[in-house]
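**Student:** File my_file-v1.txt follows (compact mmCIF, C-alpha atoms):
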```
# COMPACT_ATOMS: atom_id res chain seq x y z
CA MET O 152 157.99 247.93 139.01
CA SER O 153 159.17 249.68 135.88
CA THR O 154 159.98 247.54 132.85
CA SER O 155 162.22 250.21 131.28
CA THR O 156 165.53 249.12 129.80
CA PRO O 157 168.88 250.01 131.41
CA ASP O 158 169.41 252.57 128.64
CA GLU O 159 166.05 254.21 129.35
CA ARG O 160 166.79 254.34 133.06
CA LEU O 161 170.15 255.95 132.34
CA ARG O 162 168.44 258.53 130.13
CA ARG O 163 166.02 259.44 132.90
CA TRP O 164 168.79 259.73 135.47
CA ARG O 165 170.67 262.02 133.11
CA LEU O 166 167.61 264.29 132.85
CA VAL O 167 167.22 264.27 136.64
CA LEU O 168 170.87 264.90 137.47
CA GLY O 169 171.37 267.62 134.90
CA GLY O 170 174.68 266.68 133.28
CA ALA O 171 177.07 268.14 135.85
CA ALA O 172 180.70 266.99 135.58
CA ALA O 173 180.45 264.58 138.50
CA GLU O 174 176.94 263.29 137.87
CA GLY O 175 178.32 260.00 136.59
CA THR O 176 175.97 258.99 133.76
CA GLY O 177 178.25 259.92 130.89
CA ARG O 178 175.13 260.23 128.77
CA THR O 179 174.86 262.77 125.94
CA LEU O 180 171.41 264.06 125.02
CA SER O 181 170.17 265.16 121.62
CA GLY O 182 166.98 266.21 119.91
CA THR O 183 163.89 266.42 122.14
CA ASP O 184 165.81 265.13 125.15
CA ALA O 185 168.31 267.98 124.84
CA ALA O 186 165.44 270.51 124.60
CA MET O 187 163.76 269.02 127.68
CA ASP O 188 167.08 269.19 129.52
CA ALA O 189 167.49 272.85 128.60
CA ALA O 190 163.99 273.64 129.89
CA LEU O 191 164.77 271.89 133.18
CA ALA O 192 168.18 273.52 133.44
CA ALA O 193 166.70 277.00 133.00
CA LEU O 194 164.69 276.44 136.16
CA TYR O 195 166.60 273.98 138.35
CA ASP O 196 170.33 274.38 137.67
CA SER O 197 171.79 275.83 140.87
CA ALA O 198 174.52 278.39 141.21
CA ASP O 199 178.02 277.08 140.64
CA GLY O 200 181.08 277.72 142.76
CA GLY O 201 181.53 281.19 141.29
CA GLY O 202 178.05 282.24 142.27
CA GLU O 203 176.78 282.47 138.70
CA ARG O 204 173.54 280.75 137.77
CA ARG O 205 173.95 278.42 134.80
CA GLY O 206 170.21 278.36 134.09
CA GLY O 207 167.67 281.16 134.01
CA LEU O 208 164.69 282.29 132.00
CA GLY O 209 166.06 285.64 131.02
CA GLY O 210 164.47 288.94 131.90
CA SER O 211 161.90 289.35 129.14
CA ALA O 212 158.32 288.24 128.73
CA PRO O 213 158.94 286.69 125.28
CA SER O 214 161.67 284.38 126.60
CA VAL O 215 159.48 283.33 129.53
CA ALA O 216 156.52 282.77 127.20
CA ARG O 217 158.69 280.53 124.99
CA TRP O 218 159.86 278.57 128.03
CA LEU O 219 156.27 278.13 129.23
CA GLY O 220 155.29 276.90 125.78
CA ASP O 221 158.23 274.47 125.74
CA ILE O 222 157.41 272.83 129.06
CA ARG O 223 153.76 272.43 128.04
CA GLY O 224 154.99 270.54 125.00
CA TYR O 225 157.42 268.30 126.87
CA PHE O 226 155.68 267.46 130.14
CA PRO O 227 152.20 266.46 131.36
CA ARG O 228 149.95 269.15 132.86
CA SER O 229 150.56 268.05 136.44
CA VAL O 230 154.33 268.49 135.98
CA VAL O 231 153.87 271.81 134.16
CA ARG O 232 151.95 273.20 137.11
CA VAL O 233 154.71 272.18 139.53
CA MET O 234 157.36 273.77 137.31
CA GLN O 235 155.36 276.98 137.02
CA ARG O 236 155.05 277.20 140.80
CA ASP O 237 158.79 276.56 141.17
CA ALA O 238 159.55 279.25 138.60
CA ILE O 239 157.48 281.74 140.58
CA ASP O 240 159.35 280.84 143.79
CA ARG O 241 162.89 280.44 142.42
CA LEU O 242 163.21 282.83 139.49
CA GLY O 243 160.86 285.71 140.17
CA LEU O 244 158.39 284.70 137.48
CA ALA O 245 155.64 286.57 139.33
CA ALA O 246 156.90 289.92 138.08
CA LEU O 247 156.72 288.75 134.46
CA LEU O 248 153.13 287.58 134.96
CA LEU O 249 152.29 291.26 134.72
CA GLU O 250 152.85 290.90 130.96
CA PRO O 251 149.86 289.66 128.91
CA GLU O 252 152.18 287.66 126.64
CA THR O 253 153.41 285.64 129.61
CA LEU O 254 149.94 285.12 131.04
CA GLU O 255 148.63 283.76 127.77
CA ALA O 256 151.30 281.04 127.83
CA VAL O 257 150.78 279.69 131.34
CA GLU O 258 148.88 276.56 132.37
CA PRO O 259 146.04 277.91 134.56
CA ASP O 260 145.62 276.38 138.02
CA VAL O 261 144.57 277.34 141.54
CA HIS O 262 148.07 278.37 142.63
CA LEU O 263 148.51 280.60 139.59
CA VAL O 264 145.21 282.30 140.46
CA GLY O 265 146.53 282.94 143.96
CA THR O 266 149.66 284.55 142.51
CA LEU O 267 147.61 286.74 140.17
CA LEU O 268 145.40 287.88 143.03
CA SER O 269 148.46 288.83 145.07
CA LEU O 270 149.56 290.98 142.08
CA ASN O 271 146.08 292.42 141.57
CA GLU O 272 146.91 296.03 142.41
CA ALA O 273 149.92 296.01 140.06
CA LEU O 274 148.06 294.72 137.00
CA GLY O 275 147.65 297.10 134.09
CA GLU O 276 144.34 297.28 132.27
CA THR O 277 145.36 294.95 129.42
CA THR O 278 146.99 292.47 131.78
CA ARG O 279 143.98 292.61 134.10
CA GLU O 280 141.67 291.49 131.28
CA THR O 281 144.02 288.61 130.44
CA ALA O 282 144.25 287.72 134.14
CA ARG O 283 140.45 287.69 134.46
CA ALA O 284 140.28 285.27 131.52
CA VAL O 285 142.83 282.98 133.21
CA VAL O 286 140.96 283.13 136.52
CA ARG O 287 137.61 282.51 134.82
CA LYS O 288 138.95 279.36 133.16
CA VAL O 289 140.17 277.98 136.49
CA VAL O 290 136.87 278.85 138.20
CA ALA O 291 134.88 277.18 135.42
CA ASP O 292 136.97 274.01 135.77
CA LEU O 293 136.47 273.99 139.55
CA GLU O 294 132.72 274.55 139.24
CA ALA O 295 132.44 271.69 136.75
CA ARG O 296 134.29 269.45 139.22
CA LEU O 297 132.62 270.49 142.45
CA ALA O 298 129.25 272.18 141.90
CA SER O 299 126.99 269.19 141.26
CA ARG O 300 128.34 267.21 144.25
CA THR O 301 127.97 270.24 146.52
CA ARG O 302 124.41 270.95 145.45
CA ALA O 303 123.44 267.28 145.84
CA ALA O 304 125.03 266.96 149.30
CA VAL O 305 123.60 270.21 150.64
CA THR O 306 120.15 269.69 149.14
CA GLY O 307 120.03 266.18 150.58
CA ALA O 308 121.02 267.51 154.01
CA LEU O 309 118.33 270.17 153.88
CA ASP O 310 115.72 267.62 152.85
CA ARG O 311 116.67 265.29 155.67
CA SER O 312 116.73 268.06 158.26
CA ALA O 313 113.30 269.30 157.13
CA ARG O 314 111.65 265.87 157.15
CA ILE O 315 108.55 265.71 159.36
CA SER O 316 106.54 262.75 160.64
CA ARG O 317 103.02 264.21 160.40
CA PRO O 318 102.90 265.81 156.95
CA ARG O 319 99.79 267.02 155.17
CA HIS O 320 98.66 264.71 152.39
CA ARG O 321 100.12 266.93 149.67
CA ASP O 322 103.51 266.96 151.43
CA ILE O 323 103.94 263.19 151.87
CA ASP O 324 107.13 261.77 150.39
CA TRP O 325 105.69 258.47 149.18
CA ASP O 326 109.01 256.92 148.15
CA ARG O 327 110.52 257.37 151.62
CA THR O 328 107.24 256.48 153.32
CA LEU O 329 106.99 253.16 151.48
CA ARG O 330 110.61 252.27 152.21
CA ALA O 331 110.13 253.07 155.89
CA ASN O 332 107.03 250.84 156.12
CA LEU O 333 108.04 247.78 154.10
CA ARG O 334 107.88 245.64 157.23
CA HIS O 335 104.14 246.37 157.30
CA TYR O 336 103.50 244.77 153.91
CA LEU O 337 100.33 242.63 153.87
CA PRO O 338 100.74 239.86 151.26
CA GLU O 339 97.08 238.93 151.26
CA HIS O 340 96.13 242.49 150.34
CA ARG O 341 99.28 243.18 148.28
CA THR O 342 99.71 246.51 149.98
CA VAL O 343 101.85 248.35 152.54
CA VAL O 344 100.22 249.84 155.63
CA PRO O 345 101.93 253.23 156.13
CA GLU O 346 102.02 253.43 159.89
CA ARG O 347 104.66 256.19 159.73
CA LEU O 348 104.33 259.01 157.21
CA ILE O 349 107.40 260.93 156.05
CA GLY O 350 107.26 264.24 154.27
CA HIS O 351 108.44 267.82 154.13
CA GLY O 352 106.93 270.97 155.57
CA ARG O 353 105.02 273.33 153.29
CA ALA O 354 107.71 275.98 153.73
CA SER O 355 110.40 273.71 152.29
CA ARG O 356 111.14 276.15 149.46
CA ALA O 357 111.81 279.03 151.85
CA VAL O 358 115.26 279.86 153.23
CA ARG O 359 115.87 277.21 155.86
CA LYS O 360 119.56 277.62 156.67
CA GLU O 361 122.08 280.43 156.75
CA VAL O 362 125.76 279.82 155.94
CA VAL O 363 128.52 282.30 156.72
CA LEU O 364 131.91 281.65 155.08
CA CYS O 365 134.54 283.68 156.95
CA VAL O 366 137.79 283.39 154.99
CA ASP O 367 141.29 284.49 155.95
CA GLN O 368 142.91 286.25 152.96
CA SER O 369 146.47 286.25 154.25
CA ALA O 370 149.00 285.17 151.61
CA SER O 371 149.31 281.62 152.95
CA MET O 372 145.58 281.05 152.39
CA ALA O 373 145.52 281.84 148.66
CA ALA O 374 144.25 278.44 147.46
CA SER O 375 141.63 278.40 150.22
CA VAL O 376 140.33 281.78 149.09
CA VAL O 377 139.91 280.46 145.54
CA TYR O 378 138.01 277.34 146.60
CA ALA O 379 135.89 279.23 149.17
CA SER O 380 134.80 281.68 146.46
CA VAL O 381 133.66 278.85 144.22
CA PHE O 382 131.83 277.06 147.02
CA GLY O 383 130.27 280.34 148.12
CA ALA O 384 128.86 280.90 144.64
CA VAL O 385 127.48 277.35 144.50
CA LEU O 386 125.81 277.68 147.92
CA ALA O 387 124.40 281.08 146.97
CA SER O 388 122.68 279.47 143.99
CA LEU O 389 120.55 277.33 146.34
CA ARG O 390 117.25 278.99 147.20
CA ALA O 391 116.99 277.31 150.60
CA VAL O 392 120.40 278.59 151.79
CA ALA O 393 121.20 282.22 152.55
CA THR O 394 124.96 282.48 152.02
CA ARG O 395 127.30 285.23 153.18
CA LEU O 396 130.99 285.44 152.21
CA VAL O 397 133.29 287.53 154.38
CA VAL O 398 137.04 287.86 153.74
CA PHE O 399 139.46 289.43 156.15
CA ASP O 400 143.01 290.37 157.01
CA THR O 401 143.23 293.20 159.54
CA SER O 402 140.11 294.64 157.91
CA VAL O 403 136.86 292.92 156.96
CA VAL O 404 135.18 292.90 153.54
CA ASP O 405 131.71 291.49 152.88
CA LEU O 406 131.57 290.10 149.32
CA THR O 407 128.07 288.67 149.53
CA ASP O 408 126.72 291.08 146.89
CA VAL O 409 129.02 289.66 144.19
CA LEU O 410 128.65 285.97 145.05
CA ASP O 411 126.90 285.26 141.76
CA ASP O 412 130.28 285.64 140.00
CA PRO O 413 133.27 283.98 141.70
CA VAL O 414 135.67 285.91 139.45
CA ASP O 415 134.35 289.21 140.83
CA VAL O 416 134.66 287.75 144.32
CA LEU O 417 138.29 286.81 143.76
CA PHE O 418 139.23 290.20 142.35
CA GLY O 419 137.54 291.74 145.37
CA THR O 420 140.01 290.03 147.69
CA ARG O 421 143.41 291.38 148.70
CA LEU O 422 145.86 288.61 149.47
CA GLY O 423 148.53 289.40 152.03
CA GLY O 424 148.66 291.55 155.14
CA GLY O 425 147.97 290.72 158.74
CA THR O 426 145.19 288.72 160.39
CA ASP O 427 142.45 289.78 162.81
CA ILE O 428 140.15 286.79 163.27
CA ASN O 429 138.38 288.33 166.24
CA ARG O 430 137.34 291.38 164.22
CA ALA O 431 136.08 289.22 161.37
CA LEU O 432 134.04 287.01 163.71
CA ALA O 433 132.60 290.09 165.40
CA TYR O 434 131.29 291.24 162.03
CA CYS O 435 129.89 287.79 161.21
CA GLN O 436 128.25 287.55 164.64
CA SER O 437 126.53 290.89 164.11
CA ARG O 438 124.91 289.59 160.90
CA ILE O 439 123.45 286.39 162.40
CA THR O 440 119.69 286.63 162.91
CA ARG O 441 118.75 282.95 163.28
CA PRO O 442 121.50 281.28 165.34
CA ALA O 443 119.83 277.86 165.53
CA ASP O 444 119.66 277.73 161.72
CA THR O 445 123.14 279.14 161.03
CA VAL O 446 126.45 277.48 160.16
CA VAL O 447 129.63 279.56 160.40
CA VAL O 448 132.67 278.20 158.55
CA LEU O 449 135.94 279.87 159.54
CA VAL O 450 138.71 279.17 157.01
CA SER O 451 142.00 280.24 158.58
CA ASP O 452 145.38 278.96 159.72
CA LEU O 453 144.46 280.58 163.09
CA TYR O 454 147.54 282.79 163.36
CA GLU O 455 145.64 285.51 165.21
CA GLY O 456 146.94 289.06 165.21
CA GLY O 457 143.94 290.38 167.10
CA ILE O 458 142.70 289.68 170.61
CA ARG O 459 143.03 285.93 171.16
CA ASP O 460 140.90 285.55 174.29
CA GLU O 461 138.12 287.70 172.87
CA MET O 462 138.15 285.63 169.68
CA LEU O 463 137.67 282.44 171.70
CA ARG O 464 134.94 284.02 173.82
CA ARG O 465 133.15 285.05 170.65
CA VAL O 466 133.25 281.50 169.26
CA ALA O 467 131.93 280.18 172.58
CA ALA O 468 129.11 282.75 172.56
CA MET O 469 128.06 281.84 169.03
CA ARG O 470 127.99 278.16 169.90
CA ALA O 471 126.00 278.86 173.06
CA SER O 472 123.42 280.74 170.99
CA GLY O 473 122.92 277.70 168.75
CA VAL O 474 125.30 278.44 165.87
CA GLU O 475 127.03 275.42 164.32
CA PHE O 476 130.71 276.43 164.05
CA VAL O 477 133.30 274.76 161.80
CA ALA O 478 137.00 275.69 161.64
CA LEU O 479 138.97 274.71 158.53
CA LEU O 480 142.74 275.21 158.70
CA ALA O 481 142.80 275.09 154.91
CA LEU O 482 140.40 274.43 152.06
CA SER O 483 142.79 273.10 149.45
CA ASP O 484 144.51 270.02 148.01
CA ASP O 485 147.86 270.87 149.64
CA GLY O 486 147.60 268.59 152.66
CA ALA O 487 148.26 269.50 156.28
CA PRO O 488 149.03 273.23 156.54
CA ALA O 489 151.16 275.15 159.00
CA HIS O 490 148.79 276.53 161.64
CA ASP O 491 148.60 277.79 165.20
CA ARG O 492 148.27 274.57 167.17
CA GLU O 493 147.53 276.33 170.44
CA HIS O 494 144.51 278.10 168.95
CA ALA O 495 143.38 274.89 167.25
CA ALA O 496 143.48 273.09 170.61
CA ALA O 497 141.56 275.93 172.26
CA LEU O 498 138.82 275.67 169.64
CA ALA O 499 138.68 271.90 170.08
CA ALA O 500 138.14 272.45 173.81
CA LEU O 501 135.10 274.53 172.87
CA GLY O 502 133.74 271.66 170.78
CA VAL O 503 135.00 273.08 167.46
CA PRO O 504 137.40 270.66 165.73
CA ALA O 505 139.94 272.44 163.55
CA PHE O 506 141.15 270.45 160.56
CA ALA O 507 142.35 270.81 156.99
CA CYS O 508 139.72 270.01 154.39
CA THR O 509 140.15 269.07 150.73
CA PRO O 510 137.67 270.52 148.23
CA ASP O 511 136.33 267.03 147.54
CA LEU O 512 135.49 266.56 151.24
CA PHE O 513 133.89 269.98 151.72
CA PRO O 514 130.39 269.04 150.43
CA GLU O 515 130.20 266.24 153.02
CA VAL O 516 131.44 268.55 155.78
CA MET O 517 128.85 271.15 154.82
CA ALA O 518 126.06 268.57 154.71
CA ALA O 519 127.00 267.21 158.15
CA ALA O 520 127.13 270.72 159.64
CA LEU O 521 123.69 271.57 158.24
CA GLU O 522 122.26 268.38 159.75
CA ARG O 523 124.17 268.92 163.02
CA ARG O 524 125.67 265.47 162.91
CA PRO O 525 129.35 264.53 163.49
CA LEU O 526 131.66 265.93 160.84
CA PRO O 527 133.57 263.53 158.55
CA LEU O 528 136.95 264.44 159.98
CA PRO O 529 140.13 263.51 158.07
CA ASP O 530 143.21 262.21 159.85
CA PRO O 531 144.49 264.67 162.49
CA VAL O 532 146.92 267.31 161.19
```
Show me this structure written as C-alpha cells.

**Tutor:**
Amino acid sequence: MSTSTPDERLRRWRLVLGGAAAEGTGRTLSGTDAAMDAALAALYDSADGGGERRGGLGGSAPSVARWLGDIRGYFPRSVVRVMQRDAIDRLGLAALLLEPETLEAVEPDVHLVGTLLSLNEALGETTRETARAVVRKVVADLEARLASRTRAAVTGALDRSARISRPRHRDIDWDRTLRANLRHYLPEHRTVVPERLIGHGRASRAVRKEVVLCVDQSASMAASVVYASVFGAVLASLRAVATRLVVFDTSVVDLTDVLDDPVDVLFGTRLGGGTDINRALAYCQSRITRPADTVVVLVSDLYEGGIRDEMLRRVAAMRASGVEFVALLALSDDGAPAHDREHAAALAALGVPAFACTPDLFPEVMAAALERRPLPLPDPV
C-alpha cells in the first residue's frame, strides 16, 4: 500500500481529474505540477458542452515537438510511450510525424515504428532519413534484448535434433557422453565406461533446417511485423538455418534478400490493405524443398480475405508432407489480439494451435518447433 500523505494523494487526484469545476479536489497547482497538468490537458481534456476542445497540441510541428519534450521531462519512458500512442490516436499526431522536427523529439518504440511504416509512402526525403534513424534505434534495442536468447535457443535445438548415438571418434561430444554414462562409473578404476556415445554428425555445420516466416502486414499487425523482422534477421545470421521472410496483404513480397538489415526489411513492408493468407501460403509452399526439415511460422490474425477452404487445405497438405506449421495470432507484447476464432479453431483441428506469442516466448516456440516437440503454449486467448 502507498505511504503517501493525504496531501500527496490529493495532488495526484487533481492531476488525474484535470481540474474541472465539479472534480471536487479544490486543489490549485503551481510550478512543475502546473506544467505537468498542462501537458496532460493538451492530450486528455475532452470536449466541453459547446463542442470546443479545451486541450490540443496545436497544428504545428514546433508546438508538438515542445510538447513531446515536456512529457519526456515530466514522466517515465513507459508513460511517455503511452501518451505518444494516445496522441496519435486522439489528436492526429501521425500527420505531424512527417516533420523531421517532430520525429527528433519522440521516444522511439515499437508502436511508433509501426506508425512510421504506415506513413512510409508519404515521407519526404529528409523525414525518411530521420525516420530510418528512429527505426534503427528501436531495432538495435530489440536485437540487444532478443538476439542472444534466440541464437542460444535455436542453436541448442539444432544441436539436440542432430545428436546421434554412433558418432565417429572425432564427433563425440565428451561432456554429454560422460553425463549420460555416470551410472557406469567404476570406483576401483576411477573411470566411466561409456556404454552410450553421444555426438553430432559430420555435416553439423551445413544447413539443417529451413524456416519460413510468413507475416501478415495488415495495419493491425504492425508490432508483429517489427518483431518478425528482427527475429528473421537473427535467424538468418545462423549458418545452420535457411531463413525466408515473406510479408503479405493481398499481394506477396519476399524480403529474404534484405534480411541482413531489419531496417531495410521494415521499409520494404507496406502496412495496411487487405489480407490473402491463401495466396501467401501458396507462395511459401512453392519455395519449400525439404518439407521434413522445414518450419513455417504464419503470423496473422487470420482474418482471411482470400479463399478460406483452400487456405486450410494448403495447411493440411504442408503438414502431411512433413512441414512443422505454427500459427501466431500476434508476435507482440500487447496481449490477446482480436482474431478470427473460426479460422483459429479450424487450424487447431488440423493440429496447428493458433495463439498469441510475446517476443520473449518466441525463442522457446522456435526451438520446440525445430525439435518437433510440444510448443510452450501460453494461456488460451

**Student:** Which residue out of O:Ala295, O:Val231, O:Leu348, O:Ala487 has the minimum interatomic distance to His320 (chain O) when only C-alpha atoms are used?

**Tutor:**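 That would be O:Leu348, the residue with the smallest distance to His320 (chain O).
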
**Student:** Considering all atoms listed in the file, state which residue in the set O:Val516, O:Leu386, O:Val404, O:Leu309 is at the smallest distance from Arg359 (chain O).

**Tutor:**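 Ranking O:Val516, O:Leu386, O:Val404, O:Leu309 by distance to Arg359 (chain O), first place goes to O:Leu309.
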
**Student:** Under the rule that all atoms listed in the file are counted, which of O:Ala379, O:Val286, O:Ala519, O:Cys435 is the nearest residue to Val305 (chain O)?

**Tutor:**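 That would be O:Ala519, the residue with the smallest distance to Val305 (chain O).
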
**Student:** Show me, as a PyMOL selection string, the residues that have an atom within 8 Å of region 376-378 of chain O when counting only C-alpha atoms, minus same-chain residues fewer than 6 positions from it.

**Tutor:** chain O and resi 261+264-265+293+366-368+417+482-483+510

**Student:** For Leu267 (chain O), list every protein, DNA or RNA residue within 9 Å, evaluated using all atoms listed in the file, and leave out those in the same chain fewer than 5 positions away; present the list as a list in words.

**Tutor:**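 Listed by chain and then number, they are Ala245, Leu248, Leu249, His262, Leu274, Ala282 and Val286 of chain O.
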
**Student:** Taking a cut-off of 12 Å and counting all atoms listed in the file, can you build a table that, for each residue of region 486-507 of chain O near region 466-477 of chain O, reports the nearest atom pair and how far apart they are in Å (one decimal), sorted by chain then residue number, as JSON lines?

**Tutor:**
```
{"residue": "O:His494", "atom": "CA", "partner": "O:Val466", "partner_atom": "CA", "distance": 11.8}
{"residue": "O:Ala495", "atom": "CA", "partner": "O:Val477", "partner_atom": "CA", "distance": 11.5}
{"residue": "O:Ala497", "atom": "CA", "partner": "O:Val466", "partner_atom": "CA", "distance": 10.4}
{"residue": "O:Leu498", "atom": "CA", "partner": "O:Val466", "partner_atom": "CA", "distance": 8.1}
{"residue": "O:Ala499", "atom": "CA", "partner": "O:Val477", "partner_atom": "CA", "distance": 10.3}
{"residue": "O:Ala500", "atom": "CA", "partner": "O:Ala467", "partner_atom": "CA", "distance": 10.0}
{"residue": "O:Leu501", "atom": "CA", "partner": "O:Ala467", "partner_atom": "CA", "distance": 6.5}
{"residue": "O:Gly502", "atom": "CA", "partner": "O:Arg470", "partner_atom": "CA", "distance": 8.7}
{"residue": "O:Val503", "atom": "CA", "partner": "O:Val477", "partner_atom": "CA", "distance": 6.1}
{"residue": "O:Pro504", "atom": "CA", "partner": "O:Val477", "partner_atom": "CA", "distance": 7.0}
{"residue": "O:Ala505", "atom": "CA", "partner": "O:Val477", "partner_atom": "CA", "distance": 7.2}
{"residue": "O:Phe506", "atom": "CA", "partner": "O:Val477", "partner_atom": "CA", "distance": 9.0}
{"residue": "O:Ala507", "atom": "CA", "partner": "O:Val477", "partner_atom": "CA", "distance": 11.0}
```

**Student:** Name all residues at most 9 Å from region 220-230 of chain O (count all atoms listed in the file; drop same-chain ones fewer than 6 positions away) and give them as a ChimeraX atom specification.

**Tutor:** /O:183,186-187,190-191,256-258
